[in-house]
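Here is my_file17.csv, consisting of CSV, N, CA, C and O atoms:
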chain,number,residue,atom,x,y,z
A,222,MET,N,1.1,-4.1,-8.6
A,222,MET,CA,0.8,-2.7,-8.8
A,222,MET,C,1.5,-1.9,-7.7
A,222,MET,O,1.2,-2.1,-6.5
A,223,PRO,N,2.3,-0.9,-8.1
A,223,PRO,CA,3.0,-0.1,-7.1
A,223,PRO,C,2.0,0.8,-6.4
A,223,PRO,O,1.1,1.3,-7.0
A,224,SER,N,2.3,1.1,-5.1
A,224,SER,CA,1.5,2.0,-4.3
A,224,SER,C,2.3,3.3,-4.2
A,224,SER,O,3.5,3.3,-4.1
A,225,THR,N,1.7,4.4,-4.2
A,225,THR,CA,2.3,5.7,-4.1
A,225,THR,C,2.0,6.3,-2.8
A,225,THR,O,0.9,6.2,-2.3
A,226,GLY,N,3.0,6.9,-2.2
A,226,GLY,CA,2.8,7.6,-0.9
A,226,GLY,C,2.8,6.8,0.3
A,226,GLY,O,2.8,7.3,1.4
A,227,ILE,N,2.8,5.5,0.2
A,227,ILE,CA,2.8,4.6,1.3
A,227,ILE,C,4.3,4.3,1.8
A,227,ILE,O,5.1,4.1,1.0
A,228,LYS,N,4.5,4.5,3.1
A,228,LYS,CA,5.8,4.2,3.7
A,228,LYS,C,5.8,2.7,4.1
A,228,LYS,O,4.9,2.2,4.8
A,229,PHE,N,6.8,2.0,3.5
A,229,PHE,CA,6.8,0.5,3.8
A,229,PHE,C,7.7,0.2,5.0
A,229,PHE,O,8.6,1.0,5.4
A,230,LYS,N,7.4,-0.9,5.7
A,230,LYS,CA,8.3,-1.5,6.7
A,230,LYS,C,9.0,-2.6,6.1
A,230,LYS,O,8.6,-3.2,5.1
A,231,ILE,N,10.1,-3.1,6.8
A,231,ILE,CA,10.9,-4.2,6.2
A,231,ILE,C,10.0,-5.4,6.0
A,231,ILE,O,10.2,-6.2,5.1
A,232,GLU,N,9.0,-5.6,6.9
A,232,GLU,CA,8.2,-6.8,6.8
A,232,GLU,C,7.3,-6.8,5.5
A,232,GLU,O,6.9,-7.8,5.1
A,233,ASP,N,7.1,-5.6,4.9
A,233,ASP,CA,6.3,-5.5,3.8
A,233,ASP,C,7.0,-5.8,2.5
A,233,ASP,O,6.4,-6.1,1.5
A,234,LEU,N,8.3,-5.8,2.5
A,234,LEU,CA,9.1,-5.9,1.3
A,234,LEU,C,9.3,-7.4,0.9
A,234,LEU,O,9.4,-8.3,1.7
A,235,TYR,N,9.4,-7.6,-0.4
A,235,TYR,CA,9.8,-8.9,-1.0
A,235,TYR,C,10.4,-8.7,-2.3
A,235,TYR,O,10.2,-7.7,-3.0
A,236,ILE,N,11.2,-9.7,-2.7
A,236,ILE,CA,11.9,-9.6,-4.0
A,236,ILE,C,10.9,-9.7,-5.1
A,236,ILE,O,10.0,-10.5,-5.1
A,237,GLY,N,11.1,-8.7,-6.0
A,237,GLY,CA,10.1,-8.7,-7.2
A,237,GLY,C,9.0,-7.6,-6.9
A,237,GLY,O,8.3,-7.3,-7.9
A,238,MET,N,8.9,-7.1,-5.7
A,238,MET,CA,7.9,-6.1,-5.4
A,238,MET,C,8.2,-4.8,-6.2
A,238,MET,O,9.4,-4.4,-6.3
A,239,GLU,N,7.2,-4.2,-6.7
A,239,GLU,CA,7.4,-2.9,-7.4
A,239,GLU,C,7.0,-1.7,-6.5
A,239,GLU,O,6.0,-1.8,-5.8
A,240,ILE,N,7.8,-0.7,-6.5
A,240,ILE,CA,7.5,0.5,-5.8
A,240,ILE,C,7.7,1.7,-6.8
A,240,ILE,O,8.4,1.6,-7.8
A,241,SER,N,7.0,2.8,-6.5
A,241,SER,CA,7.1,3.9,-7.4
A,241,SER,C,8.1,5.0,-7.0
A,241,SER,O,8.5,5.8,-7.8
A,242,ASP,N,8.5,5.0,-5.7
A,242,ASP,CA,9.3,6.0,-5.2
A,242,ASP,C,10.2,5.5,-4.1
A,242,ASP,O,9.7,4.9,-3.1
A,243,LYS,N,11.5,5.7,-4.2
A,243,LYS,CA,12.4,5.1,-3.2
A,243,LYS,C,12.2,5.8,-1.8
A,243,LYS,O,12.6,5.2,-0.8
A,244,ASN,N,11.6,6.9,-1.8
A,244,ASN,CA,11.3,7.5,-0.5
A,244,ASN,C,10.3,6.7,0.3
A,244,ASN,O,10.1,7.0,1.5
A,245,GLN,N,9.6,5.8,-0.3
A,245,GLN,CA,8.7,4.9,0.4
A,245,GLN,C,9.5,4.0,1.4
A,245,GLN,O,8.9,3.4,2.2
A,246,LEU,N,10.8,4.0,1.2
A,246,LEU,CA,11.6,3.1,2.1
A,246,LEU,C,12.4,3.9,3.2
A,246,LEU,O,13.2,3.3,3.8
A,247,SER,N,12.0,5.1,3.3
A,247,SER,CA,12.7,6.0,4.2
A,247,SER,C,12.6,5.6,5.7
A,247,SER,O,13.3,6.1,6.6
A,248,ASP,N,11.6,4.8,6.1
A,248,ASP,CA,11.5,4.4,7.5
A,248,ASP,C,12.1,3.0,7.8
A,248,ASP,O,11.9,2.5,8.8
A,249,ILE,N,12.9,2.5,6.8
A,249,ILE,CA,13.6,1.2,7.0
A,249,ILE,C,15.1,1.6,7.3
A,249,ILE,O,15.7,2.2,6.4
A,250,TYR,N,15.6,1.1,8.4
A,250,TYR,CA,17.0,1.4,8.8
A,250,TYR,C,17.9,0.2,8.8
A,250,TYR,O,17.5,-0.9,9.1
A,251,ASP,N,19.2,0.5,8.6
A,251,ASP,CA,20.3,-0.5,8.7
A,251,ASP,C,20.1,-1.8,7.8
A,251,ASP,O,20.5,-2.9,8.2
A,252,THR,N,19.4,-1.6,6.7
A,252,THR,CA,19.2,-2.7,5.8
A,252,THR,C,19.5,-2.2,4.4
A,252,THR,O,19.0,-1.1,4.0
A,253,TRP,N,20.3,-3.0,3.6
A,253,TRP,CA,20.5,-2.6,2.2
A,253,TRP,C,19.3,-3.1,1.4
A,253,TRP,O,18.9,-4.3,1.5
A,254,ILE,N,18.8,-2.2,0.6
A,254,ILE,CA,17.7,-2.6,-0.4
A,254,ILE,C,18.2,-2.1,-1.7
A,254,ILE,O,18.4,-0.9,-1.9
A,255,LEU,N,18.3,-3.0,-2.7
A,255,LEU,CA,18.7,-2.6,-4.0
A,255,LEU,C,17.5,-2.7,-4.9
A,255,LEU,O,16.8,-3.7,-5.0
A,256,LEU,N,17.2,-1.5,-5.5
A,256,LEU,CA,16.1,-1.4,-6.5
A,256,LEU,C,16.7,-1.4,-7.9
A,256,LEU,O,17.7,-0.7,-8.1
A,257,VAL,N,16.0,-2.0,-8.8
A,257,VAL,CA,16.3,-2.0,-10.2
A,257,VAL,C,15.3,-1.2,-10.9
A,257,VAL,O,14.1,-1.5,-10.8
A,258,LYS,N,15.7,-0.2,-11.7
A,258,LYS,CA,14.7,0.6,-12.4
A,258,LYS,C,14.1,-0.2,-13.5
A,258,LYS,O,14.7,-0.9,-14.3
A,259,SER,N,12.8,-0.2,-13.5
A,259,SER,CA,12.0,-1.0,-14.5
A,259,SER,C,12.1,-0.3,-15.8
A,259,SER,O,12.0,0.9,-15.9
A,260,LYS,N,12.2,-1.1,-16.9
A,260,LYS,CA,12.3,-0.6,-18.2
A,260,LYS,C,10.9,0.0,-18.7
A,260,LYS,O,9.9,-0.6,-18.4
A,261,ASN,N,10.9,1.1,-19.3
A,261,ASN,CA,9.7,1.7,-19.9
A,261,ASN,C,8.7,2.2,-18.9
A,261,ASN,O,7.6,2.5,-19.2
A,262,THR,N,9.1,2.3,-17.6
A,262,THR,CA,8.3,2.8,-16.6
A,262,THR,C,9.1,3.7,-15.6
A,262,THR,O,10.3,3.6,-15.7
A,263,GLU,N,8.5,4.3,-14.7
A,263,GLU,CA,9.2,5.1,-13.7
A,263,GLU,C,9.2,4.3,-12.4
A,263,GLU,O,9.6,4.8,-11.3
A,264,ASN,N,8.9,3.1,-12.4
A,264,ASN,CA,8.9,2.2,-11.2
A,264,ASN,C,10.2,1.5,-11.0
A,264,ASN,O,11.0,1.4,-11.8
A,265,TYR,N,10.4,1.1,-9.7
A,265,TYR,CA,11.5,0.3,-9.3
A,265,TYR,C,11.1,-1.1,-8.9
A,265,TYR,O,10.0,-1.3,-8.4
A,266,THR,N,11.9,-2.1,-9.0
A,266,THR,CA,11.7,-3.4,-8.5
A,266,THR,C,12.7,-3.8,-7.5
A,266,THR,O,13.9,-3.6,-7.7
A,267,VAL,N,12.2,-4.3,-6.3
A,267,VAL,CA,13.1,-4.7,-5.3
A,267,VAL,C,13.8,-6.0,-5.7
A,267,VAL,O,13.1,-6.9,-6.1
A,268,GLN,N,15.1,-6.0,-5.7
A,268,GLN,CA,15.9,-7.1,-6.2
A,268,GLN,C,16.8,-7.7,-5.1
A,268,GLN,O,17.4,-8.8,-5.3
A,269,PHE,N,17.1,-6.9,-4.0
A,269,PHE,CA,17.9,-7.4,-3.0
A,269,PHE,C,17.5,-6.8,-1.7
A,269,PHE,O,17.3,-5.6,-1.6
A,270,ILE,N,17.5,-7.6,-0.6
A,270,ILE,CA,17.2,-7.1,0.8
A,270,ILE,C,18.2,-7.8,1.7
A,270,ILE,O,18.3,-9.0,1.7
A,271,GLY,N,19.0,-7.0,2.4
A,271,GLY,CA,20.0,-7.7,3.3
A,271,GLY,C,20.7,-6.7,4.2
A,271,GLY,O,20.8,-5.5,3.9
A,272,LYS,N,21.3,-7.3,5.3
A,272,LYS,CA,22.0,-6.4,6.2
A,272,LYS,C,23.4,-6.1,5.7
A,272,LYS,O,24.0,-5.0,6.0
A,273,GLU,N,23.9,-6.9,4.8
A,273,GLU,CA,25.2,-6.6,4.1
A,273,GLU,C,25.1,-7.0,2.6
A,273,GLU,O,24.4,-7.9,2.3
A,274,THR,N,25.8,-6.2,1.8
A,274,THR,CA,25.9,-6.6,0.4
A,274,THR,C,26.7,-7.8,0.2
A,274,THR,O,27.5,-8.2,1.1
A,275,ASN,N,26.5,-8.6,-0.9
A,275,ASN,CA,27.3,-9.8,-1.1
A,275,ASN,C,27.4,-10.1,-2.6
A,275,ASN,O,27.1,-9.2,-3.4
A,276,ALA,N,27.8,-11.2,-3.0
A,276,ALA,CA,27.9,-11.6,-4.4
A,276,ALA,C,26.6,-11.5,-5.2
A,276,ALA,O,26.6,-11.1,-6.3
A,277,GLU,N,25.5,-11.8,-4.5
A,277,GLU,CA,24.2,-11.7,-5.1
A,277,GLU,C,23.9,-10.2,-5.5
A,277,GLU,O,23.4,-10.0,-6.6
A,278,SER,N,24.2,-9.3,-4.6
A,278,SER,CA,23.9,-7.9,-4.8
A,278,SER,C,24.9,-7.4,-5.9
A,278,SER,O,24.5,-6.6,-6.7
A,279,ASP,N,26.1,-7.8,-5.8
A,279,ASP,CA,27.1,-7.3,-6.8
A,279,ASP,C,26.7,-7.7,-8.2
A,279,ASP,O,27.0,-7.0,-9.2
A,280,LYS,N,26.1,-8.9,-8.3
A,280,LYS,CA,25.7,-9.4,-9.6
A,280,LYS,C,24.7,-8.4,-10.3
A,280,LYS,O,24.7,-8.3,-11.6
A,281,LEU,N,23.8,-7.8,-9.6
A,281,LEU,CA,22.9,-6.8,-10.1
A,281,LEU,C,23.6,-5.7,-10.9
A,281,LEU,O,23.1,-5.3,-12.0
A,282,PHE,N,24.7,-5.2,-10.3
A,282,PHE,CA,25.4,-4.2,-11.0
A,282,PHE,C,26.1,-4.7,-12.3
A,282,PHE,O,26.2,-4.0,-13.3
A,283,ALA,N,26.6,-5.9,-12.2
A,283,ALA,CA,27.4,-6.5,-13.3
A,283,ALA,C,26.5,-6.8,-14.5
A,283,ALA,O,27.0,-6.9,-15.6
A,284,GLN,N,25.2,-6.9,-14.3
A,284,GLN,CA,24.3,-7.3,-15.3
A,284,GLN,C,23.9,-6.1,-16.2
A,284,GLN,O,23.1,-6.2,-17.1
A,285,GLY,N,24.4,-4.9,-15.8
A,285,GLY,CA,24.1,-3.7,-16.6
A,285,GLY,C,22.7,-3.1,-16.3
A,285,GLY,O,22.2,-2.3,-17.0
A,286,ASN,N,22.2,-3.4,-15.1
A,286,ASN,CA,20.9,-2.8,-14.7
A,286,ASN,C,21.1,-1.4,-14.2
A,286,ASN,O,22.2,-1.1,-13.8
A,287,VAL,N,20.1,-0.6,-14.1
A,287,VAL,CA,20.1,0.7,-13.5
A,287,VAL,C,19.7,0.4,-12.0
A,287,VAL,O,18.5,0.1,-11.7
A,288,VAL,N,20.7,0.3,-11.1
A,288,VAL,CA,20.5,-0.1,-9.8
A,288,VAL,C,20.5,1.2,-8.9
A,288,VAL,O,21.4,2.0,-9.0
A,289,CYS,N,19.5,1.2,-8.0
A,289,CYS,CA,19.4,2.3,-7.0
A,289,CYS,C,19.6,1.7,-5.6
A,289,CYS,O,18.6,1.1,-5.1
A,290,PRO,N,20.7,1.8,-5.0
A,290,PRO,CA,20.9,1.3,-3.6
A,290,PRO,C,20.2,2.2,-2.6
A,290,PRO,O,20.3,3.5,-2.7
A,291,VAL,N,19.6,1.7,-1.6
A,291,VAL,CA,18.9,2.4,-0.5
A,291,VAL,C,19.4,1.9,0.8
A,291,VAL,O,19.4,0.7,1.0
A,292,TYR,N,20.0,2.8,1.6
A,292,TYR,CA,20.5,2.4,2.9
A,292,TYR,C,20.3,3.6,3.8
A,292,TYR,O,20.8,4.7,3.6
A,293,ASN,N,19.4,3.4,4.8
A,293,ASN,CA,19.2,4.5,5.8
A,293,ASN,C,19.9,4.1,7.1
A,293,ASN,O,19.5,3.1,7.7
A,294,ASP,N,20.8,4.9,7.6
A,294,ASP,CA,21.6,4.5,8.8
A,294,ASP,C,20.9,5.0,10.0
A,294,ASP,O,20.6,6.2,10.1
A,295,SER,N,20.7,4.1,11.0
A,295,SER,CA,20.0,4.5,12.2
A,295,SER,C,20.8,5.5,13.0
A,295,SER,O,20.2,6.2,13.9
A,296,LEU,N,22.1,5.5,12.9
A,296,LEU,CA,22.9,6.5,13.6
A,296,LEU,C,22.5,7.9,13.3
A,296,LEU,O,22.7,8.8,14.2
A,297,GLU,N,22.0,8.2,12.1
A,297,GLU,CA,21.6,9.5,11.7
A,297,GLU,C,20.4,10.0,12.5
A,297,GLU,O,20.2,11.2,12.6
A,298,LEU,N,19.6,9.0,13.0
A,298,LEU,CA,18.4,9.4,13.8
A,298,LEU,C,18.8,10.0,15.1
A,298,LEU,O,18.0,10.8,15.6
A,299,GLU,N,19.9,9.6,15.7
A,299,GLU,CA,20.3,10.1,17.0
A,299,GLU,C,20.8,11.5,17.0
A,299,GLU,O,20.8,12.2,18.0
A,300,GLY,N,21.1,12.1,15.8
A,300,GLY,CA,21.5,13.4,15.7
A,300,GLY,C,23.0,13.6,16.0
A,300,GLY,O,23.5,14.7,15.9
A,301,ASP,N,23.6,12.6,16.5
A,301,ASP,CA,25.1,12.7,16.8
A,301,ASP,C,25.9,12.5,15.5
A,301,ASP,O,25.5,11.9,14.6
A,302,ILE,N,27.0,13.1,15.5
A,302,ILE,CA,27.9,13.0,14.4
A,302,ILE,C,28.8,11.8,14.7
A,302,ILE,O,29.4,11.7,15.8
A,303,TYR,N,29.0,10.9,13.8
A,303,TYR,CA,29.8,9.7,14.0
A,303,TYR,C,30.9,9.7,12.9
A,303,TYR,O,30.6,9.8,11.8
A,304,TYR,N,32.1,9.6,13.4
A,304,TYR,CA,33.2,9.6,12.6
A,304,TYR,C,33.9,8.2,12.6
A,304,TYR,O,34.2,7.7,13.7
A,305,GLU,N,34.1,7.6,11.5
A,305,GLU,CA,34.7,6.3,11.4
A,305,GLU,C,36.2,6.5,11.3
A,305,GLU,O,36.7,7.3,10.5
A,306,GLU,N,37.0,5.9,12.2
A,306,GLU,CA,38.4,6.1,12.2
A,306,GLU,C,39.1,5.0,11.4
A,306,GLU,O,38.7,3.9,11.3

Have the structure of the file written as structure tokens, please.
Amino acid sequence: MPSTGIKFKIEDLYIGMEISDKNQLSDIYDTWILLVKSKNTENYTVQFIGKETNAESDKLFAQGNVVCPVYNDSLELEGDIYYEE
């Protein structure tokens, strides 16, 4: 059963977990979380958690799922502008 309004930590997440709003993951930084939109509901299911994407995460896109990637960069917390050269 998905919880609404709760902000999750990385320790709370597991593959197959349902969440109702991707904003519940806004306090998790520097980790890729791939959510798959559940059919016939407004919920998402966590299908990938990792520091880098890989073949496993790429497979989610190839299967025709509605995938919502979530990545919050900790560099944005510092308020500095970072340019990649």

Query raised in the report: Any idea what's packed within 7 Å of Ile270 in chain A, counting all atoms listed in the file, ignoring anything in its chain fewer than 2 positions away? Could you give it as number ranges by chain?
Result: A: 236, 252-255, 267-268, 272-273

Identify, on the basis of only C-alpha atoms, every residue whose closest approach to Asp233 in chain A does not exceed 12 Å; exclude the query and any residue fewer than 5 positions from it along the same chain; express the result as a PDB file with N, CA, C and O atoms, keeping the file's coordinate frame.
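Writing done, so here's around16.pdb:
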ATOM      1  N   ILE A 227       2.800   5.500   0.200  1.00  0.00           N
ATOM      2  CA  ILE A 227       2.800   4.600   1.300  1.00  0.00           C
ATOM      3  C   ILE A 227       4.300   4.300   1.800  1.00  0.00           C
ATOM      4  O   ILE A 227       5.100   4.100   1.000  1.00  0.00           O
ATOM      5  N   LYS A 228       4.500   4.500   3.100  1.00  0.00           N
ATOM      6  CA  LYS A 228       5.800   4.200   3.700  1.00  0.00           C
ATOM      7  C   LYS A 228       5.800   2.700   4.100  1.00  0.00           C
ATOM      8  O   LYS A 228       4.900   2.200   4.800  1.00  0.00           O
ATOM      9  N   MET A 238       8.900  -7.100  -5.700  1.00  0.00           N
ATOM     10  CA  MET A 238       7.900  -6.100  -5.400  1.00  0.00           C
ATOM     11  C   MET A 238       8.200  -4.800  -6.200  1.00  0.00           C
ATOM     12  O   MET A 238       9.400  -4.400  -6.300  1.00  0.00           O
ATOM     13  N   GLU A 239       7.200  -4.200  -6.700  1.00  0.00           N
ATOM     14  CA  GLU A 239       7.400  -2.900  -7.400  1.00  0.00           C
ATOM     15  C   GLU A 239       7.000  -1.700  -6.500  1.00  0.00           C
ATOM     16  O   GLU A 239       6.000  -1.800  -5.800  1.00  0.00           O
ATOM     17  N   ILE A 240       7.800  -0.700  -6.500  1.00  0.00           N
ATOM     18  CA  ILE A 240       7.500   0.500  -5.800  1.00  0.00           C
ATOM     19  C   ILE A 240       7.700   1.700  -6.800  1.00  0.00           C
ATOM     20  O   ILE A 240       8.400   1.600  -7.800  1.00  0.00           O
ATOM     21  N   GLN A 245       9.600   5.800  -0.300  1.00  0.00           N
ATOM     22  CA  GLN A 245       8.700   4.900   0.400  1.00  0.00           C
ATOM     23  C   GLN A 245       9.500   4.000   1.400  1.00  0.00           C
ATOM     24  O   GLN A 245       8.900   3.400   2.200  1.00  0.00           O
ATOM     25  N   LEU A 246      10.800   4.000   1.200  1.00  0.00           N
ATOM     26  CA  LEU A 246      11.600   3.100   2.100  1.00  0.00           C
ATOM     27  C   LEU A 246      12.400   3.900   3.200  1.00  0.00           C
ATOM     28  O   LEU A 246      13.200   3.300   3.800  1.00  0.00           O
ATOM     29  N   ASP A 248      11.600   4.800   6.100  1.00  0.00           N
ATOM     30  CA  ASP A 248      11.500   4.400   7.500  1.00  0.00           C
ATOM     31  C   ASP A 248      12.100   3.000   7.800  1.00  0.00           C
ATOM     32  O   ASP A 248      11.900   2.500   8.800  1.00  0.00           O
ATOM     33  N   ILE A 249      12.900   2.500   6.800  1.00  0.00           N
ATOM     34  CA  ILE A 249      13.600   1.200   7.000  1.00  0.00           C
ATOM     35  C   ILE A 249      15.100   1.600   7.300  1.00  0.00           C
ATOM     36  O   ILE A 249      15.700   2.200   6.400  1.00  0.00           O
ATOM     37  N   VAL A 267      12.200  -4.300  -6.300  1.00  0.00           N
ATOM     38  CA  VAL A 267      13.100  -4.700  -5.300  1.00  0.00           C
ATOM     39  C   VAL A 267      13.800  -6.000  -5.700  1.00  0.00           C
ATOM     40  O   VAL A 267      13.100  -6.900  -6.100  1.00  0.00           O
ATOM     41  N   ILE A 270      17.500  -7.600  -0.600  1.00  0.00           N
ATOM     42  CA  ILE A 270      17.200  -7.100   0.800  1.00  0.00           C
ATOM     43  C   ILE A 270      18.200  -7.800   1.700  1.00  0.00           C
ATOM     44  O   ILE A 270      18.300  -9.000   1.700  1.00  0.00           O
TER      45      ILE A 270
END

Query raised in the report: Excluding same-chain residues fewer than 3 positions from Thr262 in chain A, what lies within 12 Å of it counting only C-alpha atoms, as a ChimeraX atom specification?
Result: /A:223,239-242,257-259,265-266

Query - Which residue of A:Ala276, A:Leu281, A:Ile231, A:Cys289 approaches Lys243 in chain A most closely, using only N, CA, C and O atoms - result: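 Closest to Lys243 in chain A, using only N, CA, C and O atoms: A:Cys289.
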
Report task. Quick one: pick out all helix (DSSP H, G or I) residues within chain A from a backbone DSSP run and write them as a VMD selection string. Result -> chain A and resid 231 to 233 243 to 246 276 to 283 295 to 299

Requested in this report: Would you mind reading off the distance between atom N of Ser247 in chain A and atom C of Val287 in chain A, one decimal, in Å?
Outcome: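 Interatomic distance, atom N of Ser247 in chain A to atom C of Val287 in chain A: 17.8 Å.
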
**Report entry** Pairwise distance for atom C of Asn286 in chain A and atom N of Asn261 in chain A, rounded to one decimal in Å
**Finding:**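 Here the two named atoms are 11.7 Å from each other.
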